[in-house]
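Q: Here you go, this is final_31.cif (mmCIF, C-alpha atoms and all ligand atoms).
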data_my_file
#
loop_
_atom_site.label_atom_id
_atom_site.label_comp_id
_atom_site.auth_asym_id
_atom_site.auth_seq_id
_atom_site.Cartn_x
_atom_site.Cartn_y
_atom_site.Cartn_z
CA MET W 1295 -34.63 8.54 -5.16
CA ALA W 1296 -35.80 6.24 -7.95
CA ASP W 1297 -35.46 2.49 -7.43
CA PRO W 1298 -32.07 1.10 -8.37
CA ILE W 1299 -32.12 -0.63 -11.74
CA VAL W 1300 -29.68 -3.38 -10.70
CA VAL W 1301 -30.12 -5.03 -7.32
CA ALA W 1302 -28.34 -8.07 -5.91
CA GLU W 1303 -29.15 -9.32 -2.42
CA GLY W 1304 -27.14 -11.96 -0.63
CA LEU W 1305 -25.97 -13.84 -3.71
CA HIS W 1306 -24.27 -17.16 -3.03
CA LYS W 1307 -22.70 -19.43 -5.59
CA SER W 1308 -20.38 -22.40 -5.13
CA PHE W 1309 -18.54 -24.60 -7.58
CA GLY W 1310 -17.74 -27.75 -5.62
CA ASP W 1311 -15.67 -26.56 -2.68
CA THR W 1312 -15.07 -23.13 -4.16
CA HIS W 1313 -17.33 -20.47 -2.71
CA ALA W 1314 -17.26 -17.98 -5.55
CA LEU W 1315 -19.94 -15.74 -4.00
CA ARG W 1316 -20.66 -15.55 -0.28
CA GLY W 1317 -23.49 -13.08 0.14
CA LEU W 1318 -22.85 -10.45 -2.50
CA ASP W 1319 -24.99 -7.30 -2.39
CA LEU W 1320 -25.10 -4.61 -5.05
CA SER W 1321 -27.32 -1.70 -5.94
CA VAL W 1322 -26.89 0.46 -9.03
CA PRO W 1323 -29.04 3.55 -9.71
CA ARG W 1324 -30.42 4.03 -13.22
CA GLY W 1325 -27.98 5.84 -15.50
CA ALA W 1326 -24.96 5.26 -13.26
CA VAL W 1327 -21.70 3.49 -13.93
CA CYS W 1328 -20.88 1.00 -11.21
CA GLY W 1329 -17.35 -0.32 -11.09
CA VAL W 1330 -17.01 -3.77 -9.56
CA LEU W 1331 -13.39 -3.96 -8.56
CA GLY W 1332 -11.63 -7.03 -7.33
CA PRO W 1333 -8.55 -9.22 -7.68
CA ASN W 1334 -8.41 -12.47 -9.70
CA GLY W 1335 -10.93 -14.98 -8.42
CA ALA W 1336 -12.88 -12.43 -6.35
CA GLY W 1337 -16.17 -13.50 -7.92
CA LYS W 1338 -16.72 -10.71 -10.43
CA THR W 1339 -17.49 -12.87 -13.46
CA THR W 1340 -19.67 -15.18 -11.38
CA ALA W 1341 -21.73 -12.18 -10.23
CA VAL W 1342 -22.06 -10.77 -13.75
CA ARG W 1343 -23.13 -14.14 -15.13
CA ILE W 1344 -25.90 -14.38 -12.53
CA LEU W 1345 -27.08 -10.82 -13.17
CA ALA W 1346 -27.09 -11.55 -16.90
CA THR W 1347 -29.20 -14.74 -16.40
CA LEU W 1348 -26.42 -17.06 -17.63
CA SER W 1349 -26.17 -18.84 -14.30
CA ASP W 1350 -28.53 -19.25 -11.31
CA PRO W 1351 -27.50 -18.30 -7.77
CA ASP W 1352 -27.51 -21.02 -5.07
CA ALA W 1353 -29.11 -18.49 -2.72
CA GLY W 1354 -30.07 -14.83 -2.76
CA HIS W 1355 -31.90 -12.74 -5.34
CA ALA W 1356 -31.13 -10.31 -8.11
CA ARG W 1357 -33.41 -8.00 -10.07
CA ILE W 1358 -32.91 -5.94 -13.18
CA ALA W 1359 -35.46 -3.14 -13.63
CA GLY W 1360 -37.61 -4.95 -11.07
CA PHE W 1361 -37.49 -8.32 -12.85
CA ASP W 1362 -36.06 -11.34 -11.08
CA VAL W 1363 -33.06 -12.81 -12.92
CA VAL W 1364 -34.27 -16.37 -12.37
CA ARG W 1365 -38.06 -16.14 -12.47
CA ASP W 1366 -38.32 -13.43 -15.14
CA ALA W 1367 -35.16 -14.26 -17.10
CA GLY W 1368 -36.79 -13.41 -20.43
CA GLU W 1369 -37.80 -9.93 -19.27
CA VAL W 1370 -34.27 -9.41 -17.94
CA ARG W 1371 -32.63 -10.54 -21.18
CA ALA W 1372 -34.72 -8.08 -23.16
CA ARG W 1373 -33.20 -5.23 -21.15
CA ILE W 1374 -29.54 -6.11 -20.88
CA GLY W 1375 -26.41 -6.41 -22.97
CA LEU W 1376 -23.28 -8.31 -22.02
CA ALA W 1377 -19.75 -8.09 -23.31
CA GLY W 1378 -17.93 -10.96 -21.66
CA GLN W 1379 -14.37 -11.25 -20.46
CA TYR W 1380 -13.38 -12.97 -23.71
CA ALA W 1381 -14.53 -11.43 -26.97
CA ALA W 1382 -17.22 -13.57 -28.56
CA VAL W 1383 -17.01 -12.33 -32.14
CA ASP W 1384 -16.43 -14.62 -35.11
CA ASP W 1385 -12.91 -14.23 -36.53
CA LYS W 1386 -13.76 -15.34 -40.03
CA LEU W 1387 -16.51 -12.78 -40.52
CA THR W 1388 -15.98 -9.08 -41.12
CA GLY W 1389 -16.95 -6.55 -38.47
CA ARG W 1390 -20.10 -5.72 -40.41
CA GLY W 1391 -20.80 -9.42 -40.93
CA ASN W 1392 -20.58 -10.09 -37.21
CA LEU W 1393 -22.98 -7.30 -36.34
CA ARG W 1394 -25.47 -8.38 -39.00
CA MET W 1395 -25.27 -11.98 -37.84
CA PHE W 1396 -25.94 -11.08 -34.21
CA ALA W 1397 -28.71 -8.71 -35.20
CA ARG W 1398 -30.39 -11.53 -37.14
CA LEU W 1399 -29.93 -13.87 -34.16
CA TYR W 1400 -31.75 -11.24 -32.11
CA HIS W 1401 -34.61 -11.46 -34.64
CA LEU W 1402 -34.15 -8.11 -36.30
CA SER W 1403 -35.43 -8.08 -39.88
CA ARG W 1404 -32.79 -8.20 -42.56
CA ARG W 1405 -33.20 -4.54 -43.35
CA GLU W 1406 -33.20 -3.55 -39.67
CA ALA W 1407 -30.08 -5.67 -39.08
CA HIS W 1408 -28.19 -3.91 -41.86
CA ARG W 1409 -29.27 -0.49 -40.69
CA ARG W 1410 -28.36 -1.13 -37.06
CA ALA W 1411 -24.97 -2.63 -37.98
CA ASP W 1412 -24.02 0.47 -39.98
CA GLU W 1413 -25.30 2.82 -37.32
CA LEU W 1414 -23.14 1.16 -34.65
CA LEU W 1415 -20.03 0.88 -36.86
CA GLU W 1416 -20.31 4.57 -37.65
CA ARG W 1417 -21.00 5.69 -34.11
CA PHE W 1418 -18.16 3.74 -32.53
CA GLY W 1419 -15.52 4.42 -35.15
CA LEU W 1420 -15.23 1.03 -36.81
CA MET W 1421 -16.63 1.94 -40.23
CA ASP W 1422 -13.20 2.03 -41.89
CA ALA W 1423 -12.55 -1.55 -40.80
CA ALA W 1424 -16.13 -2.74 -41.33
CA ASP W 1425 -15.42 -4.94 -44.33
CA ARG W 1426 -12.21 -6.52 -43.08
CA PRO W 1427 -12.24 -9.96 -41.46
CA VAL W 1428 -11.93 -9.74 -37.70
CA THR W 1429 -8.76 -11.90 -37.80
CA GLY W 1430 -6.92 -8.77 -38.89
CA TYR W 1431 -8.32 -6.55 -36.11
CA SER W 1432 -6.17 -5.35 -33.23
CA GLY W 1433 -7.12 -6.49 -29.73
CA GLY W 1434 -8.72 -3.13 -29.07
CA MET W 1435 -10.83 -3.18 -32.25
CA ARG W 1436 -11.98 -6.68 -31.44
CA ARG W 1437 -13.10 -5.71 -27.92
CA ARG W 1438 -14.82 -2.64 -29.32
CA LEU W 1439 -16.67 -4.78 -31.86
CA ASP W 1440 -17.67 -7.14 -29.07
CA LEU W 1441 -18.91 -4.21 -27.02
CA ILE W 1442 -21.04 -2.79 -29.83
CA THR W 1443 -22.44 -6.24 -30.55
CA SER W 1444 -23.94 -6.09 -27.08
CA LEU W 1445 -25.60 -2.78 -28.01
CA ILE W 1446 -27.64 -4.05 -30.94
CA LEU W 1447 -30.84 -4.22 -28.92
CA ARG W 1448 -30.24 -0.88 -27.14
CA PRO W 1449 -29.97 -2.38 -23.67
CA GLU W 1450 -30.99 -0.40 -20.60
CA VAL W 1451 -28.24 -2.09 -18.63
CA LEU W 1452 -24.90 -3.08 -20.05
CA PHE W 1453 -22.55 -5.52 -18.31
CA LEU W 1454 -18.91 -5.24 -19.27
CA ASP W 1455 -16.69 -7.91 -17.79
CA GLU W 1456 -13.12 -6.59 -17.74
CA PRO W 1457 -13.60 -4.66 -20.98
CA THR W 1458 -9.97 -3.56 -21.28
CA THR W 1459 -7.90 -6.40 -19.84
CA GLY W 1460 -4.84 -6.96 -22.01
CA LEU W 1461 -5.32 -3.82 -24.09
CA ASP W 1462 -2.69 -1.17 -24.71
CA PRO W 1463 -3.31 2.33 -23.30
CA ARG W 1464 -4.63 3.71 -26.58
CA SER W 1465 -7.16 0.90 -27.01
CA ARG W 1466 -8.21 1.25 -23.39
CA GLY W 1467 -8.83 4.93 -23.99
CA GLU W 1468 -11.02 4.06 -26.97
CA ILE W 1469 -13.12 1.65 -24.92
CA TRP W 1470 -13.43 4.27 -22.20
CA SER W 1471 -14.77 6.84 -24.64
CA SER W 1472 -17.25 4.31 -26.00
CA VAL W 1473 -18.48 3.67 -22.46
CA ARG W 1474 -18.83 7.41 -21.85
CA GLU W 1475 -20.90 7.74 -25.04
CA LEU W 1476 -23.27 5.06 -23.78
CA VAL W 1477 -23.61 6.68 -20.42
CA ALA W 1478 -24.44 9.96 -22.13
CA ASP W 1479 -27.32 8.09 -23.78
CA GLY W 1480 -28.63 7.07 -20.36
CA THR W 1481 -27.42 3.45 -20.39
CA THR W 1482 -26.66 2.01 -16.97
CA VAL W 1483 -23.27 0.31 -16.98
CA LEU W 1484 -21.89 -2.28 -14.60
CA LEU W 1485 -18.27 -2.96 -15.36
CA THR W 1486 -15.83 -5.25 -13.67
CA THR W 1487 -12.18 -4.41 -13.64
CA GLN W 1488 -8.91 -5.12 -11.91
CA TYR W 1489 -7.66 -1.69 -12.89
CA LEU W 1490 -8.06 0.99 -10.32
CA ASP W 1491 -7.55 3.80 -12.78
CA GLU W 1492 -10.34 2.39 -14.93
CA ALA W 1493 -12.77 2.53 -12.04
CA ASP W 1494 -11.48 5.99 -11.15
CA GLN W 1495 -12.00 7.18 -14.74
CA LEU W 1496 -15.42 5.71 -15.43
CA ALA W 1497 -17.31 4.77 -12.30
CA ASP W 1498 -19.65 6.94 -10.24
CA ASP W 1499 -19.63 4.29 -7.58
CA ILE W 1500 -17.25 1.46 -6.85
CA ALA W 1501 -17.97 -1.83 -5.13
CA VAL W 1502 -14.78 -3.53 -4.01
CA VAL W 1503 -15.25 -7.31 -4.10
CA ASP W 1504 -13.00 -9.85 -2.44
CA HIS W 1505 -13.64 -13.51 -1.65
CA GLY W 1506 -17.18 -13.31 -3.00
CA ARG W 1507 -18.35 -10.35 -0.94
CA VAL W 1508 -18.53 -6.59 -1.30
CA ILE W 1509 -16.05 -5.30 1.25
CA ALA W 1510 -16.41 -1.57 0.55
CA THR W 1511 -18.55 0.76 -1.54
CA GLY W 1512 -18.41 4.43 -2.34
CA THR W 1513 -17.31 7.01 -4.86
CA PRO W 1514 -13.59 6.93 -5.66
CA ASP W 1515 -13.14 9.93 -3.34
CA GLU W 1516 -15.10 8.35 -0.51
CA LEU W 1517 -13.00 5.22 -0.74
CA LYS W 1518 -9.80 7.23 -0.69
CA ALA W 1519 -11.05 9.04 2.39
CA THR W 1520 -11.64 5.76 4.26
CA ILE W 1521 -7.98 5.02 4.68
CA GLY W 1522 -6.69 8.45 5.63
CA ASP W 1523 -3.79 10.38 4.14
CA ARG W 1524 -0.38 9.03 3.25
CA LEU W 1525 2.84 10.47 4.49
CA ASP W 1526 5.90 10.32 2.21
CA VAL W 1527 9.31 11.21 3.63
CA VAL W 1528 12.54 11.55 1.66
CA LEU W 1529 15.70 11.54 3.81
CA GLU W 1530 18.87 13.44 3.17
CA ASP W 1531 20.91 10.45 4.31
CA PRO W 1532 19.81 6.89 3.44
CA ALA W 1533 21.59 5.69 6.60
CA ALA W 1534 18.84 7.39 8.63
CA LEU W 1535 16.21 5.06 7.22
CA PRO W 1536 15.93 2.71 10.25
CA PRO W 1537 15.62 5.45 12.92
CA ALA W 1538 13.26 7.42 10.67
CA ALA W 1539 11.12 4.30 10.29
CA THR W 1540 10.92 4.06 14.08
CA VAL W 1541 9.84 7.70 14.42
CA LEU W 1542 7.16 7.31 11.74
CA ASN W 1543 5.97 4.04 13.22
CA ASN W 1544 5.48 5.75 16.58
CA LEU W 1545 3.63 8.67 15.01
CA ALA W 1546 1.41 6.74 12.63
CA GLY W 1547 0.98 3.53 14.60
CA ALA W 1548 1.74 1.57 11.45
CA GLU W 1549 4.83 0.08 9.86
CA PRO W 1550 6.19 2.41 7.15
CA ALA W 1551 7.19 0.90 3.80
CA ALA W 1552 10.56 1.73 2.27
CA THR W 1553 9.71 3.06 -1.19
CA GLY W 1554 13.36 3.61 -2.14
CA ALA W 1555 16.82 3.62 -0.55
CA ASP W 1556 16.20 7.04 0.98
CA ARG W 1557 12.42 7.18 1.34
CA LEU W 1558 9.54 5.90 3.43
CA SER W 1559 5.79 5.95 3.04
CA VAL W 1560 3.14 5.26 5.67
CA ALA W 1561 -0.65 5.45 6.00
CA LEU W 1562 -1.73 7.90 8.68
CA PRO W 1563 -4.53 7.17 11.12
CA GLY W 1564 -8.06 8.49 10.45
CA GLY W 1565 -7.79 11.90 12.16
CA GLY W 1566 -4.45 12.55 10.50
CA LEU W 1567 -1.39 14.29 11.79
CA ARG W 1568 -0.12 17.77 11.17
CA LEU W 1569 2.91 18.18 8.98
CA ALA W 1570 4.54 20.43 11.60
CA ASP W 1571 4.37 17.67 14.24
CA ILE W 1572 6.01 15.18 11.92
CA VAL W 1573 8.82 17.53 11.01
CA ARG W 1574 9.37 18.35 14.69
CA GLU W 1575 9.58 14.69 15.72
CA LEU W 1576 12.07 13.89 12.95
CA ASP W 1577 14.07 16.92 13.96
CA ARG W 1578 14.07 15.89 17.59
CA ALA W 1579 15.50 12.50 16.57
CA GLY W 1580 18.25 14.28 14.63
CA ILE W 1581 16.94 13.11 11.24
CA ALA W 1582 17.28 15.46 8.28
CA ALA W 1583 14.47 15.18 5.77
CA ALA W 1584 14.83 16.44 2.21
CA ASP W 1585 11.07 16.28 1.71
CA VAL W 1586 8.03 15.56 3.87
CA ARG W 1587 4.69 15.38 2.15
CA LEU W 1588 1.11 14.49 3.00
CA ARG W 1589 -1.08 13.27 0.16
CA ARG W 1590 -4.37 11.53 -0.55
CA PRO W 1591 -3.90 7.78 -1.06
CA THR W 1592 -4.16 6.45 -4.57
CA LEU W 1593 -7.03 4.11 -5.33
CA ASP W 1594 -4.37 1.39 -5.67
CA GLU W 1595 -3.40 1.87 -2.07
CA VAL W 1596 -7.04 1.77 -0.99
CA PHE W 1597 -7.60 -1.40 -2.95
CA LEU W 1598 -4.52 -3.16 -1.62
CA ARG W 1599 -5.38 -2.13 1.90
CA LEU W 1600 -8.98 -3.29 1.59
CA THR W 1601 -8.15 -6.57 -0.07
CA ASP W 1602 -5.42 -7.12 2.46
CA ARG W 1603 -2.67 -7.73 -0.04
CA LYS W 1604 0.87 -6.66 0.74
CA GLU W 1605 1.56 -3.20 -0.59
CA ALA W 1606 4.75 -4.36 -2.25
CA VAL W 1607 2.86 -6.73 -4.55
CA ARG W 1608 2.18 -4.10 -7.20
N1 LIG W 1701 -17.46 -22.82 -13.74
C1 LIG W 1701 -16.66 -22.85 -12.67
N2 LIG W 1701 -16.25 -24.03 -12.15
C2 LIG W 1701 -15.44 -24.08 -11.07
N3 LIG W 1701 -14.97 -22.98 -10.44
C3 LIG W 1701 -15.34 -21.79 -10.90
C4 LIG W 1701 -16.19 -21.65 -12.05
N4 LIG W 1701 -16.38 -20.33 -12.28
C5 LIG W 1701 -15.68 -19.68 -11.32
N5 LIG W 1701 -15.07 -20.55 -10.49
C6 LIG W 1701 -14.23 -20.19 -9.33
O1 LIG W 1701 -14.94 -19.22 -8.58
C7 LIG W 1701 -14.05 -18.19 -8.11
C8 LIG W 1701 -14.51 -16.85 -8.64
O2 LIG W 1701 -14.29 -16.82 -10.04
P1 LIG W 1701 -14.66 -15.59 -10.97
O3 LIG W 1701 -14.43 -16.02 -12.37
O4 LIG W 1701 -16.04 -15.11 -10.63
O5 LIG W 1701 -13.59 -14.52 -10.50
P2 LIG W 1701 -13.24 -13.11 -11.15
O6 LIG W 1701 -13.36 -12.10 -10.05
O7 LIG W 1701 -14.03 -12.88 -12.37
O8 LIG W 1701 -11.68 -13.27 -11.50
P3 LIG W 1701 -10.83 -12.71 -12.76
O9 LIG W 1701 -10.42 -11.32 -12.38
O10 LIG W 1701 -9.66 -13.62 -12.80
O11 LIG W 1701 -11.67 -12.78 -13.98
C9 LIG W 1701 -12.67 -18.61 -8.57
O12 LIG W 1701 -12.06 -19.30 -7.51
C10 LIG W 1701 -12.93 -19.52 -9.73
O13 LIG W 1701 -11.89 -20.47 -9.87
MG MG W 1702 -13.58 -12.65 -14.37
#
Starting from the file, lay out its structure as structure tokens.
Ligand SMILES: Nc1ncnc2c1ncn2[C@@H]1O[C@H](COP(=O)(O)OP(=O)(O)OP(=O)(O)O)[C@@H](O)[C@H]1O
Ligand SMILES: [Mg+2]
A:
Amino acid sequence: MADPIVVAEGLHKSFGDTHALRGLDLSVPRGAVCGVLGPNGAGKTTAVRILATLSDPDAGHARIAGFDVVRDAGEVRARIGLAGQYAAVDDKLTGRGNLRMFARLYHLSRREAHRRADELLERFGLMDAADRPVTGYSGGMRRRLDLITSLILRPEVLFLDEPTTGLDPRSRGEIWSSVRELVADGTTVLLTTQYLDEADQLADDIAVVDHGRVIATGTPDELKATIGDRLDVVLEDPAALPPAATVLNNLAGAEPAATGADRLSVALPGGGLRLADIVRELDRAGIAAADVRLRRPTLDEVFLRLTDRKEAVR
């Protein structure tokens, strides 16, 4: 396999007493979309800032296309684009004006800057709004403009730090299709997100980050497989909830969660259990079930389990 285009090895970074990164490792193959998933404060932005040469690690190394982010920062900058967590566009300028300004800052000739601005506006569906000041843009349009600003120099690697936080579903969908367009062009994308469905939709591989470390990696399916199936039981009589919880606890070796007045849900152990055994045990305890179902866990459940948050939180 070809060398990964993004590599981070043992990154450490502290701010005073806060250990934002404690040995973060990452590896992203060329052309892939890597989703860095983690709760607030996990260290996602800190990692992206180091990879994008905006901040130096206290320890560890990172390379983009073989270039060290500290020693060869210039070479790295020539190959990357970054759309930060907070849109960096100028409100007073129009969309077109913003793109032209950034293109000039990146030393494109005037003519090149104009051409590239129009090309990007057209490609990513902002041409109709091109000559309106950004103040009047919706949150989604603003993020999209920010994203395409990072594309002016045709980066090989694009970092997107929570590209859709705070956006409505339609605007999120628009950002997602823009990302897919880029990937179709061969751009490698590293995106951070707190949204499981976003990682599920876009990422080939997911790195789950918590407390400054990668605590799990894999495709969405591989991650779902790591925590085994879920068992959902709906009871005919809500009064049977406590004894049913005991039966399920004994079978699964884990405390079931009440997901409603008449229903329970529990993670099953690795090897899994057969539906027939579960039904038989409930039956033996004199518990009537209206529905017993085994299903794959959602990525949310995987994430909550891995980051050790209580399932009831979300
Ligand atoms: N410049 C800074 N000064 C002090 N502390 C910082 C600084 N930047 C980050 N931190 C701290 O480092 C930790 C990791 O922050 P970071 O911004 O990387 O998290 P994050 O995963 O991006 O979170 P979010 O999802 O909220 O954006 C947090 O505890 C944060 O308060
Ligand atoms: Mg962040």
Q: May I have the residues at most 8 Å from (-13.0, -4.1, -25.2) in the file's coordinates, counting all atoms listed in the file, as a list of chain:residue names?
A: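 So the residues meeting the distance criterion are W:Ala1381, W:Gly1433, W:Gly1434, W:Met1435, W:Arg1436, W:Arg1437, W:Arg1438, W:Leu1439, W:Asp1440, W:Leu1441, W:Glu1456, W:Pro1457, W:Thr1458, W:Thr1459, W:Leu1461, W:Ser1465, W:Arg1466, W:Ile1469.
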Q: Could you list, as a CSV table (one decimal) with C-alpha atoms, in the coordinates of the input, all the residues within 12 Å of ligand MG 1702 (chain W), counting all atoms listed in the file?
A:
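Output saved as out04.csv:
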chain,number,residue,atom,x,y,z
W,1314,ALA,CA,-17.3,-18.0,-5.6
W,1330,VAL,CA,-17.0,-3.8,-9.6
W,1331,LEU,CA,-13.4,-4.0,-8.6
W,1332,GLY,CA,-11.6,-7.0,-7.3
W,1333,PRO,CA,-8.6,-9.2,-7.7
W,1334,ASN,CA,-8.4,-12.5,-9.7
W,1335,GLY,CA,-10.9,-15.0,-8.4
W,1336,ALA,CA,-12.9,-12.4,-6.4
W,1337,GLY,CA,-16.2,-13.5,-7.9
W,1338,LYS,CA,-16.7,-10.7,-10.4
W,1339,THR,CA,-17.5,-12.9,-13.5
W,1340,THR,CA,-19.7,-15.2,-11.4
W,1341,ALA,CA,-21.7,-12.2,-10.2
W,1342,VAL,CA,-22.1,-10.8,-13.8
W,1343,ARG,CA,-23.1,-14.1,-15.1
W,1377,ALA,CA,-19.8,-8.1,-23.3
W,1378,GLY,CA,-17.9,-11.0,-21.7
W,1379,GLN,CA,-14.4,-11.2,-20.5
W,1380,TYR,CA,-13.4,-13.0,-23.7
W,1454,LEU,CA,-18.9,-5.2,-19.3
W,1455,ASP,CA,-16.7,-7.9,-17.8
W,1456,GLU,CA,-13.1,-6.6,-17.7
W,1457,PRO,CA,-13.6,-4.7,-21.0
W,1458,THR,CA,-10.0,-3.6,-21.3
W,1459,THR,CA,-7.9,-6.4,-19.8
W,1485,LEU,CA,-18.3,-3.0,-15.4
W,1486,THR,CA,-15.8,-5.2,-13.7
W,1487,THR,CA,-12.2,-4.4,-13.6
W,1488,GLN,CA,-8.9,-5.1,-11.9
W,1503,VAL,CA,-15.2,-7.3,-4.1
W,1506,GLY,CA,-17.2,-13.3,-3.0
Q: Set the distance at 8 Å and use all atoms listed in the file: which residues neighbour Phe1418 in chain W once local chain neighbours fewer than 2 positions away are removed? I'd like the list as a list in words.
A: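 Neighbouring residues, sequence-local ones excluded: Leu1414, Leu1415, Glu1416, Leu1420, Arg1438, Ile1442 and Ser1472 of chain W.
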Q: Would you please work out which residue, of W:Ala1570, W:Leu1535, W:Leu1542, W:Ile1344, is nearest to ligand LIG 1701 (chain W) when using all atoms listed in the file?
A: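 Counting all atoms listed in the file, the residue closest to ligand LIG 1701 (chain W) is W:Ile1344.
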Q: Return the single residue from W:Tyr1400, W:Pro1427, W:Val1596, W:Val1300 that is closest to Thr1511 in chain W, with distances computed using only C-alpha atoms.
A: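 Answer, going by the shortest atom-to-atom distance: W:Val1596.
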Q: Show me the residues close to (-17.3, 5.1, -7.5) - anything with an atom within 9 Å, counting all atoms listed in the file - and format the list as a ChimeraX atom specification.
A: /W:1327-1329,1493-1494,1496-1501,1511-1517
Q: Excluding Arg1371 in chain W and residues on its chain fewer than 4 positions from it, collect all residues at most 10 Å away from it, counting only C-alpha atoms, and give them as a ChimeraX atom specification.
A: /W:1345-1348,1358,1361,1363,1366-1367,1375-1376,1449,1451
Q: Which residue out of W:Ser1321, W:Gln1495, W:Ser1349, W:Ser1471 has the minimum interatomic distance to ligand LIG 1701 (chain W) when only C-alpha atoms and all ligand atoms are used?
A: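 For ligand LIG 1701 (chain W), the nearest of the candidates is W:Ser1349.
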Q: In Å, how far is it from atom P2 of ligand LIG 1701 (chain W) to CA of Ala1397 in chain W?
A: 28.9 Å
